[in-house]
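Trainee: Here you go, this is work_23.tsv (TSV, C-alpha atoms).
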chain	number	residue	atom	x	y	z
A	1	MET	CA	-13.72	-24.92	14.14
A	2	PRO	CA	-13.19	-27.10	11.05
A	3	THR	CA	-9.79	-28.58	10.36
A	4	ALA	CA	-7.76	-26.19	8.28
A	5	THR	CA	-7.78	-27.43	4.72
A	6	PRO	CA	-7.94	-25.55	1.41
A	7	SER	CA	-11.64	-25.44	0.47
A	8	ASP	CA	-13.32	-25.89	-2.93
A	9	GLU	CA	-14.76	-23.01	-4.89
A	10	LEU	CA	-18.53	-22.54	-4.65
A	11	GLY	CA	-19.01	-20.68	-7.93
A	12	ASN	CA	-19.06	-17.16	-9.30
A	13	SER	CA	-20.87	-14.28	-7.65
A	14	ALA	CA	-22.58	-11.08	-8.75
A	15	GLU	CA	-21.17	-7.62	-9.48
A	16	ALA	CA	-19.48	-5.65	-6.69
A	17	GLU	CA	-21.12	-2.55	-5.27
A	18	SER	CA	-19.16	0.27	-3.64
A	19	MET	CA	-20.48	1.82	-0.44
A	20	GLU	CA	-19.25	4.86	1.49
A	21	GLU	CA	-21.42	4.65	4.60
A	22	GLU	CA	-21.34	1.87	7.12
A	23	PRO	CA	-24.43	-0.33	6.74
A	24	GLY	CA	-26.89	-1.07	9.50
A	25	PRO	CA	-27.07	-4.11	11.82
A	26	PHE	CA	-25.52	-7.28	10.49
A	27	ALA	CA	-27.90	-9.87	11.89
A	28	PRO	CA	-28.56	-12.47	9.17
A	29	SER	CA	-32.04	-11.96	7.80
A	30	ASP	CA	-34.45	-13.31	5.23
A	31	LEU	CA	-35.24	-10.29	3.09
A	32	SER	CA	-37.50	-12.00	0.57
A	33	ILE	CA	-41.10	-11.59	1.66
A	34	GLU	CA	-43.59	-11.88	-1.17
A	35	MET	CA	-47.34	-11.38	-1.29
A	36	GLY	CA	-49.37	-14.53	-1.89
A	37	MET	CA	-51.62	-14.76	-4.96
A	38	SER	CA	-55.18	-16.06	-5.10
A	39	ASP	CA	-57.83	-16.73	-7.70
A	40	ASP	CA	-61.20	-14.95	-8.01
A	41	ALA	CA	-62.68	-17.23	-5.36
A	42	GLY	CA	-59.99	-16.31	-2.89
A	43	ALA	CA	-58.25	-19.70	-3.02
A	44	PRO	CA	-54.45	-19.54	-3.06
A	45	LEU	CA	-52.81	-20.31	-6.37
A	46	GLU	CA	-50.07	-22.90	-6.50
A	47	THR	CA	-46.65	-21.57	-7.41
A	48	SER	CA	-43.23	-23.12	-7.82
A	49	HIS	CA	-41.44	-19.89	-6.91
A	50	VAL	CA	-38.96	-20.26	-4.06
A	51	PRO	CA	-38.44	-17.12	-1.94
A	52	LYS	CA	-34.95	-15.66	-2.06
A	53	LEU	CA	-33.02	-15.86	1.20
A	54	VAL	CA	-30.54	-13.01	1.67
A	55	LEU	CA	-28.01	-13.00	4.52
A	56	ARG	CA	-25.68	-10.16	5.48
A	57	GLU	CA	-22.23	-10.80	6.96
A	58	LYS	CA	-19.59	-8.35	8.17
A	59	VAL	CA	-16.06	-9.46	7.30
A	60	VAL	CA	-12.89	-7.64	8.33
A	61	ILE	CA	-9.72	-8.10	6.28
A	62	VAL	CA	-6.59	-7.51	8.34
A	63	GLY	CA	-2.85	-8.02	8.06
A	64	ASP	CA	0.36	-6.06	7.73
A	65	ALA	CA	0.83	-3.30	5.17
A	66	SER	CA	1.74	-4.57	1.68
A	67	ALA	CA	0.31	-8.04	2.36
A	68	GLY	CA	-2.13	-7.45	-0.49
A	69	LYS	CA	-5.39	-7.00	1.42
A	70	THR	CA	-6.78	-4.30	-0.87
A	71	SER	CA	-5.72	-6.17	-4.00
A	72	LEU	CA	-7.42	-9.32	-2.74
A	73	SER	CA	-10.62	-7.49	-1.81
A	74	ARG	CA	-10.82	-5.58	-5.08
A	75	MET	CA	-10.02	-8.55	-7.28
A	76	PHE	CA	-12.70	-10.63	-5.57
A	77	SER	CA	-15.37	-7.93	-5.56
A	78	SER	CA	-14.71	-6.98	-9.21
A	79	GLY	CA	-14.65	-10.52	-10.52
A	80	GLY	CA	-10.92	-10.30	-11.26
A	81	GLN	CA	-11.08	-6.98	-13.13
A	82	ASP	CA	-9.70	-4.47	-10.63
A	83	PHE	CA	-6.11	-5.10	-9.57
A	84	PRO	CA	-4.61	-1.84	-8.23
A	85	LYS	CA	-1.92	-0.71	-10.68
A	86	ASN	CA	-0.12	1.50	-8.19
A	87	TYR	CA	0.29	0.78	-4.49
A	88	VAL	CA	-1.57	3.28	-2.33
A	89	MET	CA	-1.50	2.57	1.39
A	90	THR	CA	-4.97	2.27	2.90
A	91	SER	CA	-5.19	5.06	5.47
A	92	SER	CA	-8.17	3.85	7.49
A	93	VAL	CA	-10.73	1.45	6.00
A	94	GLU	CA	-12.07	0.66	2.56
A	95	LEU	CA	-15.52	-0.91	2.32
A	96	CYS	CA	-17.05	-2.85	-0.52
A	97	VAL	CA	-20.06	-5.15	-0.79
A	98	LYS	CA	-20.25	-8.35	-2.80
A	99	GLU	CA	-23.21	-10.68	-3.23
A	100	VAL	CA	-22.38	-14.38	-3.31
A	101	ALA	CA	-24.89	-16.92	-4.57
A	102	ILE	CA	-24.81	-20.32	-2.84
A	103	PRO	CA	-25.07	-23.07	-5.47
A	104	ASP	CA	-28.10	-25.37	-5.40
A	105	THR	CA	-29.92	-23.20	-2.84
A	106	ASN	CA	-32.14	-20.11	-2.81
A	107	ALA	CA	-29.60	-18.32	-0.61
A	108	PHE	CA	-27.49	-15.26	-1.35
A	109	VAL	CA	-24.97	-13.77	1.05
A	110	ASP	CA	-24.09	-10.08	0.99
A	111	LEU	CA	-20.51	-9.82	2.22
A	112	PHE	CA	-19.61	-6.42	3.67
A	113	LEU	CA	-15.82	-6.42	3.35
A	114	TYR	CA	-13.87	-4.04	5.57
A	115	ASP	CA	-10.32	-3.69	4.27
A	116	MET	CA	-8.40	-2.36	7.27
A	117	ALA	CA	-5.18	-0.32	7.19
A	118	GLY	CA	-2.08	-2.31	8.06
A	119	GLN	CA	0.24	0.47	9.13
A	120	SER	CA	0.79	0.91	12.86
A	121	VAL	CA	1.10	4.66	12.28
A	122	PHE	CA	-2.66	4.77	11.92
A	123	ASN	CA	-3.14	3.33	15.40
A	124	GLN	CA	-5.06	0.34	14.11
A	125	ARG	CA	-6.18	-0.86	17.54
A	126	GLU	CA	-7.93	2.42	18.31
A	127	LEU	CA	-9.44	2.67	14.84
A	128	GLY	CA	-10.49	-0.95	14.83
A	129	THR	CA	-12.68	-0.68	17.91
A	130	TYR	CA	-15.16	1.26	15.78
A	131	TYR	CA	-15.17	-1.06	12.78
A	132	TRP	CA	-14.73	-4.39	14.54
A	133	ASP	CA	-18.09	-4.46	16.31
A	134	ASP	CA	-20.49	-7.21	15.21
A	135	VAL	CA	-17.86	-8.91	13.05
A	136	SER	CA	-18.89	-12.29	11.64
A	137	PHE	CA	-15.57	-13.44	10.17
A	138	ILE	CA	-11.91	-12.40	10.19
A	139	VAL	CA	-9.79	-12.77	7.06
A	140	CYS	CA	-6.10	-12.38	7.95
A	141	VAL	CA	-3.81	-11.95	4.95
A	142	PHE	CA	-0.05	-12.40	4.82
A	143	ASP	CA	2.55	-12.12	2.07
A	144	VAL	CA	4.37	-15.41	1.39
A	145	SER	CA	7.56	-13.43	0.74
A	146	SER	CA	7.44	-11.70	4.14
A	147	ARG	CA	7.99	-13.71	7.30
A	148	LYS	CA	7.22	-10.59	9.32
A	149	SER	CA	3.70	-10.40	7.88
A	150	PHE	CA	3.21	-14.10	8.64
A	151	SER	CA	4.40	-13.68	12.24
A	152	SER	CA	1.95	-10.81	12.77
A	153	CYS	CA	-1.16	-12.86	12.00
A	154	SER	CA	-1.81	-13.95	15.58
A	155	LYS	CA	-1.64	-10.32	16.73
A	156	TRP	CA	-4.16	-9.21	14.14
A	157	VAL	CA	-6.65	-11.97	14.87
A	158	GLN	CA	-6.44	-11.50	18.61
A	159	SER	CA	-6.87	-7.73	18.26
A	160	VAL	CA	-10.11	-8.15	16.33
A	161	ARG	CA	-11.41	-10.86	18.62
A	162	SER	CA	-10.75	-8.82	21.75
A	163	ALA	CA	-12.50	-5.76	20.30
A	164	GLY	CA	-15.29	-7.40	18.34
A	165	ASN	CA	-16.43	-10.20	20.62
A	166	ASP	CA	-19.92	-9.40	21.89
A	167	GLY	CA	-20.56	-12.64	23.71
A	168	ARG	CA	-21.46	-14.73	20.64
A	169	GLY	CA	-18.34	-16.84	21.01
A	170	GLU	CA	-14.99	-16.77	19.29
A	171	ILE	CA	-15.03	-15.04	15.90
A	172	PRO	CA	-14.04	-17.51	13.14
A	173	ALA	CA	-10.78	-16.62	11.38
A	174	LEU	CA	-9.35	-17.48	7.97
A	175	LEU	CA	-5.64	-17.37	7.19
A	176	VAL	CA	-4.93	-16.37	3.59
A	177	ALA	CA	-1.49	-16.70	2.00
A	178	ASN	CA	-1.28	-14.08	-0.75
A	179	LYS	CA	1.27	-13.54	-3.56
A	180	THR	CA	1.73	-17.25	-4.20
A	181	ASP	CA	2.91	-16.27	-7.69
A	182	LEU	CA	6.24	-15.48	-5.97
A	183	ARG	CA	6.66	-19.22	-5.41
A	184	ASP	CA	6.57	-19.92	-9.13
A	185	GLY	CA	10.23	-19.17	-9.78
A	186	GLY	CA	11.70	-22.49	-8.65
A	187	ILE	CA	15.18	-21.84	-7.30
A	188	ASP	CA	14.51	-18.13	-7.84
A	189	SER	CA	11.39	-18.22	-5.70
A	190	ARG	CA	11.02	-15.24	-3.37
A	191	SER	CA	8.76	-17.11	-0.97
A	192	GLU	CA	9.76	-17.31	2.69
A	193	ILE	CA	6.66	-19.24	3.87
A	194	ASP	CA	5.73	-22.50	2.21
A	195	THR	CA	2.36	-24.25	2.28
A	196	GLU	CA	3.42	-26.83	4.86
A	197	GLU	CA	4.51	-24.25	7.43
A	198	ALA	CA	1.45	-22.05	6.95
A	199	LEU	CA	-0.95	-24.98	7.07
A	200	LYS	CA	0.65	-26.30	10.26
A	201	TYR	CA	0.27	-22.91	11.91
A	202	ALA	CA	-3.36	-22.62	10.76
A	203	ARG	CA	-4.20	-26.01	12.21
A	204	GLU	CA	-2.59	-25.12	15.53
A	205	GLU	CA	-4.57	-21.88	15.73
A	206	GLY	CA	-7.83	-23.34	14.44
A	207	PHE	CA	-7.88	-21.14	11.32
A	208	GLU	CA	-9.22	-22.18	7.94
A	209	TYR	CA	-6.36	-21.90	5.44
A	210	PHE	CA	-6.34	-20.63	1.84
A	211	GLU	CA	-3.74	-19.64	-0.74
A	212	CYS	CA	-4.15	-17.16	-3.57
A	213	SER	CA	-2.45	-14.72	-5.90
A	214	ALA	CA	-4.32	-11.44	-6.18
A	215	LEU	CA	-1.96	-10.39	-8.98
A	216	LEU	CA	-2.96	-13.36	-11.14
A	217	GLY	CA	-6.52	-13.51	-9.88
A	218	ARG	CA	-5.81	-17.07	-8.75
A	219	HIS	CA	-8.19	-18.49	-6.13
A	220	VAL	CA	-9.12	-15.02	-4.79
A	221	ASP	CA	-12.76	-16.06	-4.42
A	222	ARG	CA	-12.21	-19.22	-2.37
A	223	PRO	CA	-11.91	-17.71	1.11
A	224	PHE	CA	-14.97	-15.51	0.59
A	225	HIS	CA	-17.10	-18.29	-0.87
A	226	PHE	CA	-16.16	-20.36	2.16
A	227	VAL	CA	-17.36	-17.51	4.40
A	228	ALA	CA	-20.65	-17.36	2.50
A	229	ALA	CA	-21.20	-21.11	2.84
A	230	GLN	CA	-20.43	-20.96	6.55
A	231	ALA	CA	-22.87	-18.07	6.96
A	232	LEU	CA	-25.67	-20.14	5.43
A	233	GLN	CA	-24.79	-23.14	7.59
A	234	ARG	CA	-24.85	-21.00	10.72
A	235	HIS	CA	-28.18	-19.46	9.69
A	236	ARG	CA	-29.71	-22.91	9.32
A	237	GLN	CA	-28.41	-23.96	12.71
A	238	ASP	CA	-29.56	-20.80	14.48
A	239	TYR	CA	-32.87	-20.16	12.79
A	240	VAL	CA	-34.04	-23.49	11.39
A	241	GLY	CA	-32.90	-25.78	14.18
Write the structure described by the file as C-alpha cells, please.

Mentor:
Amino acid sequence: MPTATPSDELGNSAEAESMEEEPGPFAPSDLSIEMGMSDDAGAPLETSHVPKLVLREKVVIVGDASAGKTSLSRMFSSGGQDFPKNYVMTSSVELCVKEVAIPDTNAFVDLFLYDMAGQSVFNQRELGTYYWDDVSFIVCVFDVSSRKSFSSCSKWVQSVRSAGNDGRGEIPALLVANKTDLRDGGIDSRSEIDTEEALKYAREEGFEYFECSALLGRHVDRPFHFVAAQALQRHRQDYVG
C-alpha cells in the first residue's frame, strides 16, 4: 500500500450517468475491439488509431450518516453541479457511474460508485453483504467536525473487507476528510480533526489520504482520479506483466 499522501489531480472526466440496476461482473476488461481494414489486394492498411481501453471498477463509499458521502459522490459525478440542497438520509444504496479518462493514455475507467447508507438503523452489515462483493476500492468518508465519524472509519473499512474479500487480497482503502470548509473560520473553526491527526491515522492504517469540501466542490475529484489511476496500474501489472 502506498504511503498516505494527498495525491495530485489527474484531470477532468466525462458526464455522470445514473443507473438503477446493479451492473454485471467487475473484472477489468478491454472493451475496444475494432475490425481491421485492408486494401483491395487484401493487404492491411496502416492506421494511427489507438484502441480505447475501458476498465470497470466497483467502489463503495462508506462512513457515518451526515459525513457527506452522497454530496461527495454527486458533486464528483456531476462535475461539481449537483450538491444536494436538502439533506435526505440515504436509506440503502445510491449508485452512479462516472467515466474517468487517464491523461496521456488510451485508458478510460468506469467507476461504479456505491454510496452506502450510514445509519445503523438500516442494519448496514446485513445490507452490505449484498453490495460489497467484488469491491475494488473502499472510500471511507468522515466529517472533520465530527470526531465520532472519524473514530468509526476503522469499523467501516473492516466491515467491507470482511464481507467483500474474495481471496484477491486486502481491498485498498482511501480515507477522505470532508467538509474542510469548516476549518476556514480561524478561531471560529468548527473542525475537530486536523490534517496532521488524520494523516497520522491514515499512515498507521495504510490508507491513502485525501481532503475535500463537497460544499465548495474543492478537490472532490482527487480520490476518485487516484482510484482510476490505480486501476490502470493494476491492470497493467495483472494483464500486461

Trainee: Under the rule that all atoms listed in the file are counted, which of A:Val62, A:Val157, A:Leu174, A:Ile193 is the nearest residue to Leu113 of chain A?

Mentor: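 Between A:Val62, A:Val157, A:Leu174, A:Ile193, the residue approaching Leu113 of chain A most closely is A:Val62.
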
Trainee: Pick out the closest residue to Ala173 of chain A from this set: A:Gly79, A:Gly186, A:Gly206, A:Gly217. Count only C-alpha atoms.

Mentor: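 Looking only at the distances to Ala173 of chain A, the closest residue turns out to be A:Gly206.
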
Trainee: So which one's closest to Thr180 of chain A, A:Gln81, A:Arg74, A:Gly68, A:Asp134? Using only C-alpha atoms, please.

Mentor: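 Smallest separation from Thr180 of chain A among the options: A:Gly68.
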
Trainee: Give me the residues near Ser154 of chain A as a list in words, where near means some atom within 10 Å (using all atoms listed in the file) and where sequence neighbours in that chain fewer than 6 positions away do not count.

Mentor: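 Contacts, with the query itself left out: Gly63, Cys140, Leu175, Tyr201 and Glu205 of chain A.
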
Trainee: Which distance in Å separates atom CA of Asp115 of chain A and atom CA of Ser189 of chain A, to one decimal?

Mentor: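 Taking atom CA of Asp115 of chain A as the start and atom CA of Ser189 of chain A as the end point, the length is 28.0 Å.
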
Trainee: Just give me the gap between atom CA of Phe224 of chain A and atom CA of Val109 of chain A in Å, one decimal is fine.

Mentor: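 Pair atom CA of Phe224 of chain A / atom CA of Val109 of chain A returns 10.2 Å.
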
Trainee: Of the candidates A:Ala177, A:Leu111, A:Val141, A:Val60, which one gets nearest to Ser213 of chain A if we count only C-alpha atoms?

Mentor: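 Checking each of A:Ala177, A:Leu111, A:Val141, A:Val60 against Ser213 of chain A, counting only C-alpha atoms, the winner is A:Ala177.
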
Trainee: List every protein, DNA or RNA residue with an atom no more than 9 Å from (-24.1, -27.0, -2.1) in the file's coordinates, counting all atoms listed in the file, and format the result as a list of chain:residue names.

Mentor: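 The residues that fall inside the cut-off are A:Leu10, A:Ile102, A:Pro103, A:Asp104, A:Thr105, A:Ala229.
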
Trainee: Just give me the residues with any atom within 12 Å of (7.5, -17.9, -7.0), file coordinates, counting all atoms listed in the file, written as a PyMOL selection string.

Mentor: chain A and resi 143-145+178-194+213

Trainee: Tell me which of A:Leu55, A:Cys153, A:Ala214, A:Ala198 sits closest to Ala101 of chain A, counting all atoms listed in the file.

Mentor: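 Among the listed residues, A:Leu55 lies closest to Ala101 of chain A.
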
Trainee: So what do you get for atom CA of Pro223 of chain A versus atom CA of Phe210 of chain A, distance-wise?

Mentor: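 Taking atom CA of Pro223 of chain A as the start and atom CA of Phe210 of chain A as the end point, the length is 6.3 Å.
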
Trainee: Of the candidates A:Asp110, A:Lys52, A:Leu216, A:Leu199, which one gets nearest to Ala231 of chain A if we count all atoms listed in the file?

Mentor: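 Under the stated criterion, the closest residue is A:Asp110.
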